[in-house]
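Participant: I'm passing along model_28.cif; it holds mmCIF, C-alpha atoms and all ligand atoms.
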```
data_model
loop_
_atom_site.group_PDB
_atom_site.id
_atom_site.type_symbol
_atom_site.label_atom_id
_atom_site.label_comp_id
_atom_site.auth_asym_id
_atom_site.auth_seq_id
_atom_site.Cartn_x
_atom_site.Cartn_y
_atom_site.Cartn_z
ATOM 1 C CA MET A 1 154.109 -172.826 -95.027
ATOM 2 C CA LYS A 2 155.253 -169.267 -95.669
ATOM 3 C CA PRO A 3 152.590 -166.758 -96.784
ATOM 4 C CA THR A 4 152.700 -165.936 -100.500
ATOM 5 C CA VAL A 5 153.109 -162.444 -101.909
ATOM 6 C CA PHE A 6 152.377 -161.783 -105.579
ATOM 7 C CA ILE A 7 153.944 -158.695 -107.194
ATOM 8 C CA THR A 8 152.349 -157.600 -110.474
ATOM 9 C CA ARG A 9 155.441 -155.887 -112.017
ATOM 10 C CA LYS A 10 159.125 -156.672 -112.062
ATOM 11 C CA LEU A 11 160.849 -154.771 -109.258
ATOM 12 C CA PRO A 12 164.536 -154.517 -108.380
ATOM 13 C CA ASP A 13 165.591 -157.455 -106.199
ATOM 14 C CA LYS A 14 167.062 -155.265 -103.489
ATOM 15 C CA SER A 15 163.783 -153.373 -103.089
ATOM 16 C CA ILE A 16 161.918 -156.543 -102.141
ATOM 17 C CA ALA A 17 164.649 -158.329 -100.174
ATOM 18 C CA VAL A 18 162.705 -157.893 -96.912
ATOM 19 C CA LEU A 19 159.768 -159.766 -98.398
ATOM 20 C CA LYS A 20 161.953 -162.521 -99.840
ATOM 21 C CA ASP A 21 163.509 -163.135 -96.418
ATOM 22 C CA GLN A 22 160.185 -163.934 -94.820
ATOM 23 C CA PHE A 23 157.674 -164.899 -97.463
ATOM 24 C CA GLU A 24 157.226 -166.865 -100.650
ATOM 25 C CA VAL A 25 157.532 -164.085 -103.229
ATOM 26 C CA ARG A 26 156.195 -164.535 -106.733
ATOM 27 C CA MET A 27 156.540 -161.775 -109.311
ATOM 28 C CA TRP A 28 155.387 -161.039 -112.847
ATOM 29 C CA GLU A 29 158.775 -160.761 -114.561
ATOM 30 C CA GLU A 30 157.919 -157.929 -116.977
ATOM 31 C CA GLU A 31 158.526 -154.265 -116.286
ATOM 32 C CA GLU A 32 156.384 -152.726 -118.995
ATOM 33 C CA VAL A 33 153.896 -155.429 -119.953
ATOM 34 C CA PRO A 34 150.982 -155.720 -117.528
ATOM 35 C CA VAL A 35 150.288 -159.056 -115.938
ATOM 36 C CA PRO A 36 147.646 -160.891 -118.007
ATOM 37 C CA LYS A 37 144.263 -161.302 -116.324
ATOM 38 C CA GLU A 38 144.456 -165.111 -116.281
ATOM 39 C CA VAL A 39 147.892 -165.045 -114.627
ATOM 40 C CA LEU A 40 146.705 -162.582 -111.995
ATOM 41 C CA PHE A 41 143.629 -164.694 -111.247
ATOM 42 C CA ALA A 42 145.728 -167.859 -110.966
ATOM 43 C CA GLU A 43 148.273 -166.145 -108.674
ATOM 44 C CA VAL A 44 145.708 -164.513 -106.404
ATOM 45 C CA GLU A 45 144.245 -167.915 -105.520
ATOM 46 C CA ASN A 46 147.286 -168.709 -103.397
ATOM 47 C CA ALA A 47 148.296 -165.231 -102.335
ATOM 48 C CA GLU A 48 148.046 -163.653 -98.897
ATOM 49 C CA ALA A 49 149.290 -160.347 -100.297
ATOM 50 C CA LEU A 50 149.095 -158.554 -103.639
ATOM 51 C CA PHE A 51 151.501 -155.778 -104.612
ATOM 52 C CA THR A 52 149.687 -153.858 -107.370
ATOM 53 C CA VAL A 53 150.200 -150.829 -109.623
ATOM 54 C CA VAL A 54 147.639 -148.289 -110.878
ATOM 55 C CA SER A 55 146.922 -150.169 -114.065
ATOM 56 C CA ASP A 56 145.882 -153.399 -112.274
ATOM 57 C CA PRO A 57 142.105 -153.557 -111.870
ATOM 58 C CA VAL A 58 141.452 -155.084 -108.449
ATOM 59 C CA THR A 59 137.807 -155.972 -108.959
ATOM 60 C CA GLU A 60 135.287 -157.740 -106.749
ATOM 61 C CA GLU A 61 135.778 -160.793 -108.976
ATOM 62 C CA LEU A 62 139.544 -160.811 -108.380
ATOM 63 C CA LEU A 63 139.097 -160.275 -104.664
ATOM 64 C CA SER A 64 136.696 -163.185 -104.391
ATOM 65 C CA ALA A 65 139.227 -165.407 -106.174
ATOM 66 C CA GLY A 66 141.756 -164.477 -103.469
ATOM 67 C CA LYS A 67 140.390 -166.652 -100.698
ATOM 68 C CA ASN A 68 143.462 -166.129 -98.455
ATOM 69 C CA LEU A 69 144.058 -162.517 -99.388
ATOM 70 C CA LYS A 70 144.803 -160.192 -96.469
ATOM 71 C CA VAL A 71 146.287 -157.123 -98.139
ATOM 72 C CA VAL A 72 146.432 -155.256 -101.428
ATOM 73 C CA ALA A 73 149.326 -152.783 -101.399
ATOM 74 C CA ASN A 74 148.897 -150.364 -104.297
ATOM 75 C CA MET A 75 151.958 -148.493 -105.529
ATOM 76 C CA ALA A 76 150.126 -145.163 -105.885
ATOM 77 C CA VAL A 77 148.398 -142.572 -103.769
ATOM 78 C CA GLY A 78 145.243 -143.034 -105.874
ATOM 79 C CA TYR A 79 143.302 -146.267 -105.502
ATOM 80 C CA ASP A 80 140.483 -145.909 -108.017
ATOM 81 C CA ASN A 81 141.739 -149.144 -109.630
ATOM 82 C CA ILE A 82 140.630 -151.035 -106.521
ATOM 83 C CA ASP A 83 137.103 -151.897 -105.396
ATOM 84 C CA VAL A 84 137.788 -150.811 -101.819
ATOM 85 C CA GLU A 85 134.214 -151.485 -100.703
ATOM 86 C CA ALA A 86 134.421 -155.096 -101.883
ATOM 87 C CA ALA A 87 137.834 -155.460 -100.217
ATOM 88 C CA THR A 88 136.523 -154.091 -96.923
ATOM 89 C CA LYS A 89 133.542 -156.495 -97.038
ATOM 90 C CA ARG A 90 136.009 -159.378 -97.345
ATOM 91 C CA GLY A 91 138.310 -158.075 -94.641
ATOM 92 C CA VAL A 92 141.101 -157.339 -97.130
ATOM 93 C CA LEU A 93 143.227 -154.334 -96.151
ATOM 94 C CA VAL A 94 144.012 -151.852 -98.917
ATOM 95 C CA CYS A 95 147.110 -149.659 -98.612
ATOM 96 C CA ASN A 96 148.422 -146.813 -100.777
ATOM 97 C CA THR A 97 151.562 -144.638 -100.896
ATOM 98 C CA PRO A 98 150.621 -141.079 -99.880
ATOM 99 C CA ASP A 99 153.025 -138.254 -98.948
ATOM 100 C CA VAL A 100 156.243 -139.620 -100.495
ATOM 101 C CA LEU A 101 155.117 -138.597 -103.980
ATOM 102 C CA THR A 102 153.604 -135.202 -103.156
ATOM 103 C CA GLU A 103 156.552 -132.984 -104.101
ATOM 104 C CA THR A 104 157.586 -135.095 -107.102
ATOM 105 C CA THR A 105 154.071 -135.053 -108.560
ATOM 106 C CA ALA A 106 153.779 -131.314 -107.934
ATOM 107 C CA ASP A 107 157.113 -130.773 -109.750
ATOM 108 C CA LEU A 108 155.828 -132.661 -112.777
ATOM 109 C CA THR A 109 152.458 -130.914 -112.703
ATOM 110 C CA PHE A 110 154.055 -127.486 -112.633
ATOM 111 C CA GLY A 111 156.608 -128.572 -115.230
ATOM 112 C CA LEU A 112 153.774 -129.722 -117.481
ATOM 113 C CA LEU A 113 152.042 -126.379 -116.984
ATOM 114 C CA LEU A 114 155.224 -124.514 -117.957
ATOM 115 C CA ALA A 115 155.907 -126.842 -120.882
ATOM 116 C CA THR A 116 152.375 -126.420 -122.239
ATOM 117 C CA ALA A 117 152.287 -122.644 -121.808
ATOM 118 C CA ARG A 118 155.761 -122.110 -123.297
ATOM 119 C CA ARG A 119 155.477 -124.828 -125.967
ATOM 120 C CA VAL A 120 158.615 -126.545 -124.708
ATOM 121 C CA VAL A 121 157.992 -129.996 -126.206
ATOM 122 C CA GLU A 122 156.915 -128.547 -129.563
ATOM 123 C CA SER A 123 160.035 -126.345 -129.606
ATOM 124 C CA ALA A 124 162.338 -129.264 -128.752
ATOM 125 C CA GLU A 125 160.833 -131.304 -131.604
ATOM 126 C CA PHE A 126 161.103 -128.311 -133.957
ATOM 127 C CA ILE A 127 164.842 -127.930 -133.479
ATOM 128 C CA LYS A 128 165.552 -131.670 -133.674
ATOM 129 C CA GLN A 129 163.608 -131.871 -136.925
ATOM 130 C CA GLY A 130 165.935 -129.229 -138.448
ATOM 131 C CA LYS A 131 163.125 -126.676 -138.855
ATOM 132 C CA TRP A 132 164.940 -123.723 -137.254
ATOM 133 C CA GLN A 133 165.673 -121.128 -139.966
ATOM 134 C CA SER A 134 166.241 -117.970 -137.942
ATOM 135 C CA TRP A 135 165.311 -116.120 -134.787
ATOM 136 C CA SER A 136 161.966 -114.506 -135.416
ATOM 137 C CA PRO A 137 159.737 -112.324 -133.253
ATOM 138 C CA PHE A 138 156.922 -114.785 -132.698
ATOM 139 C CA LEU A 139 158.642 -118.087 -133.368
ATOM 140 C CA LEU A 140 157.019 -120.648 -131.061
ATOM 141 C CA ALA A 141 155.743 -117.859 -128.833
ATOM 142 C CA GLY A 142 153.605 -119.180 -126.008
ATOM 143 C CA HIS A 143 151.899 -117.708 -122.975
ATOM 144 C CA ASP A 144 153.394 -116.265 -119.802
ATOM 145 C CA VAL A 145 153.005 -118.172 -116.560
ATOM 146 C CA HIS A 146 154.398 -115.683 -114.032
ATOM 147 C CA HIS A 147 151.829 -113.384 -112.416
ATOM 148 C CA LYS A 148 148.932 -115.160 -114.109
ATOM 149 C CA THR A 149 146.047 -116.832 -112.257
ATOM 150 C CA ILE A 150 146.121 -120.528 -111.467
ATOM 151 C CA GLY A 151 142.924 -122.327 -110.432
ATOM 152 C CA ILE A 152 143.461 -125.600 -108.596
ATOM 153 C CA TYR A 153 140.530 -127.974 -108.465
ATOM 154 C CA GLY A 154 141.211 -130.398 -105.592
ATOM 155 C CA MET A 155 143.360 -128.853 -102.877
ATOM 156 C CA GLY A 156 144.832 -131.969 -101.305
ATOM 157 C CA LYS A 157 148.506 -132.300 -100.449
ATOM 158 C CA ILE A 158 149.595 -132.322 -104.104
ATOM 159 C CA GLY A 159 147.316 -129.378 -104.891
ATOM 160 C CA GLU A 160 148.935 -127.411 -102.071
ATOM 161 C CA ALA A 161 152.418 -128.340 -103.298
ATOM 162 C CA VAL A 162 151.462 -127.083 -106.783
ATOM 163 C CA ALA A 163 150.182 -123.858 -105.184
ATOM 164 C CA GLN A 164 153.516 -123.434 -103.414
ATOM 165 C CA ARG A 165 155.307 -123.581 -106.762
ATOM 166 C CA ALA A 166 152.785 -121.131 -108.263
ATOM 167 C CA LYS A 167 153.500 -118.718 -105.402
ATOM 168 C CA GLY A 168 157.151 -118.690 -106.447
ATOM 169 C CA PHE A 169 156.037 -117.570 -109.899
ATOM 170 C CA GLY A 170 154.070 -114.672 -108.404
ATOM 171 C CA MET A 171 150.776 -116.209 -109.478
ATOM 172 C CA GLU A 172 147.349 -115.425 -108.112
ATOM 173 C CA ILE A 173 146.166 -118.720 -106.599
ATOM 174 C CA LEU A 174 142.510 -119.759 -106.618
ATOM 175 C CA TYR A 175 141.260 -123.101 -105.428
ATOM 176 C CA HIS A 176 138.100 -125.115 -105.125
ATOM 177 C CA ASN A 177 137.838 -128.043 -102.769
ATOM 178 C CA ARG A 178 135.234 -129.908 -100.705
ATOM 179 C CA THR A 179 136.612 -128.196 -97.601
ATOM 180 C CA ARG A 180 138.390 -124.881 -97.082
ATOM 181 C CA LYS A 181 142.141 -125.012 -96.445
ATOM 182 C CA PRO A 182 142.870 -122.199 -93.948
ATOM 183 C CA GLU A 183 146.586 -123.054 -93.799
ATOM 184 C CA ALA A 184 146.970 -122.790 -97.596
ATOM 185 C CA GLU A 185 145.033 -119.527 -97.517
ATOM 186 C CA LYS A 186 147.288 -118.117 -94.812
ATOM 187 C CA VAL A 187 150.662 -119.415 -95.950
ATOM 188 C CA LEU A 188 150.261 -119.424 -99.733
ATOM 189 C CA GLY A 189 147.673 -116.697 -100.119
ATOM 190 C CA ALA A 190 145.375 -119.135 -101.938
ATOM 191 C CA LYS A 191 141.805 -117.883 -102.339
ATOM 192 C CA TYR A 192 138.852 -120.228 -102.040
ATOM 193 C CA CYS A 193 136.208 -119.744 -104.727
ATOM 194 C CA SER A 194 133.264 -121.551 -106.302
ATOM 195 C CA PHE A 195 134.000 -123.969 -109.138
ATOM 196 C CA ASP A 196 132.392 -121.577 -111.634
ATOM 197 C CA GLU A 197 134.477 -118.629 -110.424
ATOM 198 C CA LEU A 198 137.608 -120.742 -110.684
ATOM 199 C CA LEU A 199 136.759 -121.626 -114.285
ATOM 200 C CA GLU A 200 135.931 -118.037 -115.243
ATOM 201 C CA LEU A 201 138.964 -116.373 -113.649
ATOM 202 C CA SER A 202 141.850 -118.808 -114.151
ATOM 203 C CA ASP A 203 144.483 -118.668 -116.870
ATOM 204 C CA PHE A 204 145.525 -122.185 -115.873
ATOM 205 C CA VAL A 205 142.943 -124.675 -114.618
ATOM 206 C CA VAL A 206 144.642 -127.593 -112.889
ATOM 207 C CA ALA A 207 142.692 -130.778 -112.121
ATOM 208 C CA MET A 208 144.083 -132.354 -108.955
ATOM 209 C CA ALA A 209 141.049 -134.224 -107.630
ATOM 210 C CA PRO A 210 140.925 -137.994 -107.158
ATOM 211 C CA LEU A 211 138.680 -140.027 -109.452
ATOM 212 C CA THR A 212 135.363 -140.768 -107.728
ATOM 213 C CA ASN A 213 131.745 -141.124 -108.886
ATOM 214 C CA GLU A 214 131.397 -137.358 -108.334
ATOM 215 C CA THR A 215 134.501 -136.332 -110.302
ATOM 216 C CA LYS A 216 134.117 -138.723 -113.250
ATOM 217 C CA HIS A 217 133.863 -136.652 -116.481
ATOM 218 C CA MET A 218 133.556 -133.533 -114.343
ATOM 219 C CA PHE A 219 135.515 -131.561 -116.964
ATOM 220 C CA ASN A 220 132.929 -131.691 -119.735
ATOM 221 C CA ALA A 221 131.797 -129.405 -122.578
ATOM 222 C CA GLU A 222 129.882 -127.097 -120.251
ATOM 223 C CA VAL A 223 132.865 -126.745 -117.923
ATOM 224 C CA PHE A 224 135.273 -125.979 -120.781
ATOM 225 C CA SER A 225 132.835 -123.390 -122.143
ATOM 226 C CA LYS A 226 133.066 -121.491 -118.852
ATOM 227 C CA MET A 227 136.872 -121.149 -119.073
ATOM 228 C CA LYS A 228 138.675 -118.224 -120.723
ATOM 229 C CA SER A 229 139.420 -118.822 -124.401
ATOM 230 C CA SER A 230 143.091 -118.278 -123.471
ATOM 231 C CA ALA A 231 142.939 -120.859 -120.659
ATOM 232 C CA ILE A 232 145.261 -123.829 -120.449
ATOM 233 C CA PHE A 233 143.926 -126.998 -118.836
ATOM 234 C CA ILE A 234 146.338 -129.257 -116.928
ATOM 235 C CA ASN A 235 145.539 -132.749 -115.684
ATOM 236 C CA SER A 236 147.883 -134.961 -113.700
ATOM 237 C CA SER A 237 145.231 -136.609 -111.518
ATOM 238 C CA ARG A 238 143.223 -139.243 -113.391
ATOM 239 C CA GLY A 239 142.216 -139.267 -117.044
ATOM 240 C CA ALA A 240 138.602 -140.105 -116.349
ATOM 241 C CA VAL A 241 137.938 -136.798 -114.556
ATOM 242 C CA VAL A 242 137.864 -135.419 -118.113
ATOM 243 C CA ASP A 243 135.430 -136.072 -120.928
ATOM 244 C CA GLU A 244 138.179 -136.412 -123.558
ATOM 245 C CA GLU A 245 135.872 -135.906 -126.539
ATOM 246 C CA ALA A 246 134.638 -132.642 -124.984
ATOM 247 C CA LEU A 247 138.237 -131.570 -124.371
ATOM 248 C CA TYR A 248 139.153 -132.348 -127.981
ATOM 249 C CA GLN A 249 136.192 -130.303 -129.254
ATOM 250 C CA ALA A 250 137.084 -127.428 -126.911
ATOM 251 C CA LEU A 251 140.649 -127.421 -128.236
ATOM 252 C CA ILE A 252 139.828 -127.593 -131.938
ATOM 253 C CA HIS A 253 137.145 -124.905 -131.659
ATOM 254 C CA ASN A 254 139.391 -122.555 -129.630
ATOM 255 C CA VAL A 255 137.095 -122.703 -126.622
ATOM 256 C CA ILE A 256 140.328 -123.033 -124.622
ATOM 257 C CA ALA A 257 143.944 -122.523 -125.738
ATOM 258 C CA GLY A 258 145.751 -125.704 -124.764
ATOM 259 C CA ALA A 259 146.067 -128.713 -122.520
ATOM 260 C CA GLY A 260 148.832 -130.496 -120.655
ATOM 261 C CA LEU A 261 147.880 -134.082 -119.907
ATOM 262 C CA ASP A 262 149.803 -136.676 -117.907
ATOM 263 C CA VAL A 263 146.837 -139.038 -117.564
ATOM 264 C CA PHE A 264 144.186 -140.460 -119.880
ATOM 265 C CA GLU A 265 140.918 -142.308 -119.568
ATOM 266 C CA LYS A 266 142.419 -145.364 -121.252
ATOM 267 C CA GLU A 267 146.094 -145.926 -120.542
ATOM 268 C CA PRO A 268 148.195 -146.358 -122.534
ATOM 269 C CA ILE A 269 146.361 -143.940 -124.841
ATOM 270 C CA SER A 270 146.478 -145.140 -128.446
ATOM 271 C CA GLN A 271 148.862 -143.315 -130.738
ATOM 272 C CA ASP A 272 146.022 -142.357 -133.085
ATOM 273 C CA HIS A 273 143.885 -140.788 -130.348
ATOM 274 C CA PRO A 274 142.672 -137.398 -131.705
ATOM 275 C CA LEU A 275 144.059 -135.512 -128.685
ATOM 276 C CA LEU A 276 147.593 -136.571 -129.604
ATOM 277 C CA SER A 277 147.244 -135.010 -133.058
ATOM 278 C CA LEU A 278 146.902 -131.486 -131.646
ATOM 279 C CA PRO A 279 149.946 -129.196 -131.434
ATOM 280 C CA ASN A 280 148.468 -127.417 -128.419
ATOM 281 C CA VAL A 281 148.363 -130.628 -126.378
ATOM 282 C CA THR A 282 151.404 -131.647 -124.362
ATOM 283 C CA ALA A 283 150.970 -135.301 -123.504
ATOM 284 C CA LEU A 284 152.973 -137.408 -121.062
ATOM 285 C CA PRO A 285 152.678 -141.120 -120.182
ATOM 286 C CA HIS A 286 151.474 -140.881 -116.527
ATOM 287 C CA ILE A 287 154.857 -139.962 -115.051
ATOM 288 C CA GLY A 288 153.683 -137.678 -112.220
ATOM 289 C CA SER A 289 155.543 -139.556 -109.499
ATOM 290 C CA ALA A 290 158.231 -140.988 -111.764
ATOM 291 C CA SER A 291 161.517 -140.018 -110.174
ATOM 292 C CA ILE A 292 163.791 -142.865 -109.144
ATOM 293 C CA GLU A 293 163.899 -141.674 -105.527
ATOM 294 C CA THR A 294 160.131 -141.413 -105.247
ATOM 295 C CA ARG A 295 159.395 -144.685 -107.009
ATOM 296 C CA MET A 296 161.818 -146.437 -104.619
ATOM 297 C CA SER A 297 160.057 -144.824 -101.649
ATOM 298 C CA MET A 298 156.680 -145.947 -102.994
ATOM 299 C CA ILE A 299 157.947 -149.528 -103.326
ATOM 300 C CA HIS A 300 159.351 -149.322 -99.817
ATOM 301 C CA ILE A 301 155.989 -148.308 -98.334
ATOM 302 C CA CYS A 302 154.199 -151.153 -100.141
ATOM 303 C CA VAL A 303 156.800 -153.664 -98.947
ATOM 304 C CA ASP A 304 156.573 -152.330 -95.412
ATOM 305 C CA ASN A 305 152.762 -152.484 -95.391
ATOM 306 C CA ILE A 306 152.768 -156.080 -96.660
ATOM 307 C CA GLN A 307 155.427 -157.097 -94.158
ATOM 308 C CA ARG A 308 153.522 -155.502 -91.275
ATOM 309 C CA ILE A 309 150.145 -156.954 -92.167
ATOM 310 C CA LEU A 310 151.440 -160.478 -92.760
ATOM 311 C CA THR A 311 153.195 -160.381 -89.372
ATOM 312 C CA GLY A 312 150.138 -159.135 -87.496
ATOM 313 C CA LYS A 313 151.094 -155.454 -87.201
ATOM 314 C CA ASN A 314 149.193 -152.333 -88.240
ATOM 315 C CA PRO A 315 149.919 -150.991 -91.730
ATOM 316 C CA ARG A 316 151.431 -147.546 -92.199
ATOM 317 C CA THR A 317 148.944 -146.281 -94.759
ATOM 318 C CA LEU A 318 145.504 -147.853 -94.669
ATOM 319 C CA VAL A 319 142.815 -146.862 -97.144
ATOM 320 C CA ASN A 320 139.766 -148.843 -95.811
ATOM 321 C CA LYS A 321 137.524 -146.766 -93.547
HETATM 322 C C1 LIG F 1 149.357 -142.112 -108.006
HETATM 323 O O1 LIG F 1 150.171 -142.245 -107.078
HETATM 324 O O2 LIG F 1 148.146 -142.177 -107.832
HETATM 325 C C2 LIG F 1 149.956 -141.894 -109.342
HETATM 326 O O3 LIG F 1 149.032 -141.581 -110.292
HETATM 327 C C3 LIG F 1 150.779 -143.088 -109.744
HETATM 328 O O4 LIG F 1 152.013 -142.581 -110.040
#
```
Step by step, read the file and then write its structure as structure tokens.
Facilitator:
Amino acid sequence: MKPTVFITRKLPDKSIAVLKDQFEVRMWEEEEVPVPKEVLFAEVENAEALFTVVSDPVTEELLSAGKNLKVVANMAVGYDNIDVEAATKRGVLVCNTPDVLTETTADLTFGLLLATARRVVESAEFIKQGKWQSWSPFLLAGHDVHHKTIGIYGMGKIGEAVAQRAKGFGMEILYHNRTRKPEAEKVLGAKYCSFDELLELSDFVVAMAPLTNETKHMFNAEVFSKMKSSAIFINSSRGAVVDEEALYQALIHNVIAGAGLDVFEKEPISQDHPLLSLPNVTALPHIGSASIETRMSMIHICVDNIQRILTGKNPRTLVNK
């Protein structure tokens, strides 16, 4: 019998042709509706491989239901949706999609920073709603980005790619990371500083760290109170690195000036979430890596990893230590 692969979202046929040639491929046939828990649990019972997306919780319970499971290929660089420790204990390989999304995610992050600072989304809505009466000196005036200071918390590959874009805007680049990045310091002129210094000196504070036990709710009331009152906070990493209630309070009490958010603690965020009611919040639906080219590359890596593992080869991008 051919090994079974279960894919948790509808993908274009041509992108999974390689899998269909060799394996029994089953797929949740919805693009935007997540696979229901009971369907996922029923499918995992017979699956050798799972192709997952960031919104699929791959828990210890799910893994133990997957008696034949050999690989979970997650279509994301982040893998906080997966209990990697439990997978490793069961000998299940976990793979992600690093590198291919670095530049695309950095583009979106910097675009979100620009959009938030220059009130681009608010301005676009303003004109479409027929509110434009005349040119006026401070109509929808925002904040400059060029030559300001950006503080990047989490200087991984995406952080460095954001810094590269900031360099093009003549920005002063500060960063805080678990380890120093001599190459980024040399090539981009990025300056390492303590977390507190980064908060105190930056005009734009950009969260780029993965979600871990250490980073969960790291951006809390105390952290926001250390930022400049003119600071703009940008997050395109994971929603849960932010205490959203603390961010809301910081925004309504002018502790900071604005926020650009591509990620939220609970996704999709509900339409009546208080953060979405604020004009100084630019909110996006987790589209950091969402270009067609990059999403196709991410699918390709997942397919390749599954194909390799189910045919006894080493995966390209293994997460388990
Ligand atoms: C990732 O790759 O971790 C993104 O958040 C998913 O687009």
Participant: Go through A:Ala190, A:Ile292, A:Ala117, A:Leu278 and flag the residue nearest ligand LIG 1 (chain F), using all atoms listed in the file for the distances.
Facilitator: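 Residue with the minimum atom-to-atom distance to ligand LIG 1 (chain F): A:Ile292.
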Participant: Counting all atoms listed in the file, which protein, DNA or RNA residues come within 9 Å of ligand LIG 1 (chain F), given as a PDB file with C-alpha atoms, in the coordinates of the input?
Facilitator:
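New file part.pdb:
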```pdb
ATOM      1  CA  VAL A  53     150.200-150.829-109.623  1.00  0.00           C
ATOM      2  CA  VAL A  54     147.639-148.289-110.878  1.00  0.00           C
ATOM      3  CA  ASN A  74     148.897-150.364-104.297  1.00  0.00           C
ATOM      4  CA  MET A  75     151.958-148.493-105.529  1.00  0.00           C
ATOM      5  CA  ALA A  76     150.126-145.163-105.885  1.00  0.00           C
ATOM      6  CA  VAL A  77     148.398-142.572-103.769  1.00  0.00           C
ATOM      7  CA  GLY A  78     145.243-143.034-105.874  1.00  0.00           C
ATOM      8  CA  TYR A  79     143.302-146.267-105.502  1.00  0.00           C
ATOM      9  CA  ASP A  80     140.483-145.909-108.017  1.00  0.00           C
ATOM     10  CA  ASN A  96     148.422-146.813-100.777  1.00  0.00           C
ATOM     11  CA  THR A  97     151.562-144.638-100.896  1.00  0.00           C
ATOM     12  CA  PRO A  98     150.621-141.079 -99.880  1.00  0.00           C
ATOM     13  CA  LEU A 101     155.117-138.597-103.980  1.00  0.00           C
ATOM     14  CA  THR A 102     153.604-135.202-103.156  1.00  0.00           C
ATOM     15  CA  THR A 105     154.071-135.053-108.560  1.00  0.00           C
ATOM     16  CA  PRO A 210     140.925-137.994-107.158  1.00  0.00           C
ATOM     17  CA  SER A 236     147.883-134.961-113.700  1.00  0.00           C
ATOM     18  CA  SER A 237     145.231-136.609-111.518  1.00  0.00           C
ATOM     19  CA  ARG A 238     143.223-139.243-113.391  1.00  0.00           C
ATOM     20  CA  VAL A 263     146.837-139.038-117.564  1.00  0.00           C
ATOM     21  CA  HIS A 286     151.474-140.881-116.527  1.00  0.00           C
ATOM     22  CA  ILE A 287     154.857-139.962-115.051  1.00  0.00           C
ATOM     23  CA  GLY A 288     153.683-137.678-112.220  1.00  0.00           C
ATOM     24  CA  SER A 289     155.543-139.556-109.499  1.00  0.00           C
ATOM     25  CA  ALA A 290     158.231-140.988-111.764  1.00  0.00           C
ATOM     26  CA  ARG A 295     159.395-144.685-107.009  1.00  0.00           C
ATOM     27  CA  MET A 298     156.680-145.947-102.994  1.00  0.00           C
TER      28      MET A 298
END
```
Participant: Apply the PyMOL selection byres (((chain A and resi 137-154) around 8) and not hetatm) to the file shown and report the selected residues as a PyMOL selection string.
Facilitator: chain A and resi 114+117-119+123+135-136+155-156+159+163+166+169-178+195+198-199+201-210
Participant: Those selected residues, please, written with C-alpha atoms and delivered as a PDB file, keeping the file's coordinate frame.
Facilitator:
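Output below, filename part.pdb:
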```pdb
ATOM      1  CA  LEU A 114     155.224-124.514-117.957  1.00  0.00           C
ATOM      2  CA  ALA A 117     152.287-122.644-121.808  1.00  0.00           C
ATOM      3  CA  ARG A 118     155.761-122.110-123.297  1.00  0.00           C
ATOM      4  CA  ARG A 119     155.477-124.828-125.967  1.00  0.00           C
ATOM      5  CA  SER A 123     160.035-126.345-129.606  1.00  0.00           C
ATOM      6  CA  TRP A 135     165.311-116.120-134.787  1.00  0.00           C
ATOM      7  CA  SER A 136     161.966-114.506-135.416  1.00  0.00           C
ATOM      8  CA  MET A 155     143.360-128.853-102.877  1.00  0.00           C
ATOM      9  CA  GLY A 156     144.832-131.969-101.305  1.00  0.00           C
ATOM     10  CA  GLY A 159     147.316-129.378-104.891  1.00  0.00           C
ATOM     11  CA  ALA A 163     150.182-123.858-105.184  1.00  0.00           C
ATOM     12  CA  ALA A 166     152.785-121.131-108.263  1.00  0.00           C
ATOM     13  CA  PHE A 169     156.037-117.570-109.899  1.00  0.00           C
ATOM     14  CA  GLY A 170     154.070-114.672-108.404  1.00  0.00           C
ATOM     15  CA  MET A 171     150.776-116.209-109.478  1.00  0.00           C
ATOM     16  CA  GLU A 172     147.349-115.425-108.112  1.00  0.00           C
ATOM     17  CA  ILE A 173     146.166-118.720-106.599  1.00  0.00           C
ATOM     18  CA  LEU A 174     142.510-119.759-106.618  1.00  0.00           C
ATOM     19  CA  TYR A 175     141.260-123.101-105.428  1.00  0.00           C
ATOM     20  CA  HIS A 176     138.100-125.115-105.125  1.00  0.00           C
ATOM     21  CA  ASN A 177     137.838-128.043-102.769  1.00  0.00           C
ATOM     22  CA  ARG A 178     135.234-129.908-100.705  1.00  0.00           C
ATOM     23  CA  PHE A 195     134.000-123.969-109.138  1.00  0.00           C
ATOM     24  CA  LEU A 198     137.608-120.742-110.684  1.00  0.00           C
ATOM     25  CA  LEU A 199     136.759-121.626-114.285  1.00  0.00           C
ATOM     26  CA  LEU A 201     138.964-116.373-113.649  1.00  0.00           C
ATOM     27  CA  SER A 202     141.850-118.808-114.151  1.00  0.00           C
ATOM     28  CA  ASP A 203     144.483-118.668-116.870  1.00  0.00           C
ATOM     29  CA  PHE A 204     145.525-122.185-115.873  1.00  0.00           C
ATOM     30  CA  VAL A 205     142.943-124.675-114.618  1.00  0.00           C
ATOM     31  CA  VAL A 206     144.642-127.593-112.889  1.00  0.00           C
ATOM     32  CA  ALA A 207     142.692-130.778-112.121  1.00  0.00           C
ATOM     33  CA  MET A 208     144.083-132.354-108.955  1.00  0.00           C
ATOM     34  CA  ALA A 209     141.049-134.224-107.630  1.00  0.00           C
ATOM     35  CA  PRO A 210     140.925-137.994-107.158  1.00  0.00           C
TER      36      PRO A 210
END
```
Participant: May I have the residues within 10 Å of A:Leu50 as a PyMOL selection string, using only C-alpha atoms and disregarding those fewer than 2 positions away in the same chain?
Facilitator: chain A and resi 4-8+26-27+40+43-44+47-48+52-53+58+66+69-74+94+302+306
Participant: Neighbouring residues of stretch 85-90 of chain A were defined as those with any atom within 8 Å, considering all atoms listed in the file; residues of the same chain fewer than 3 positions away were excluded. Please report them as a list in words.
Facilitator: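 Answer for this query is Thr59, Glu60, Leu63, Leu93, Val94 and Asn320 of chain A.
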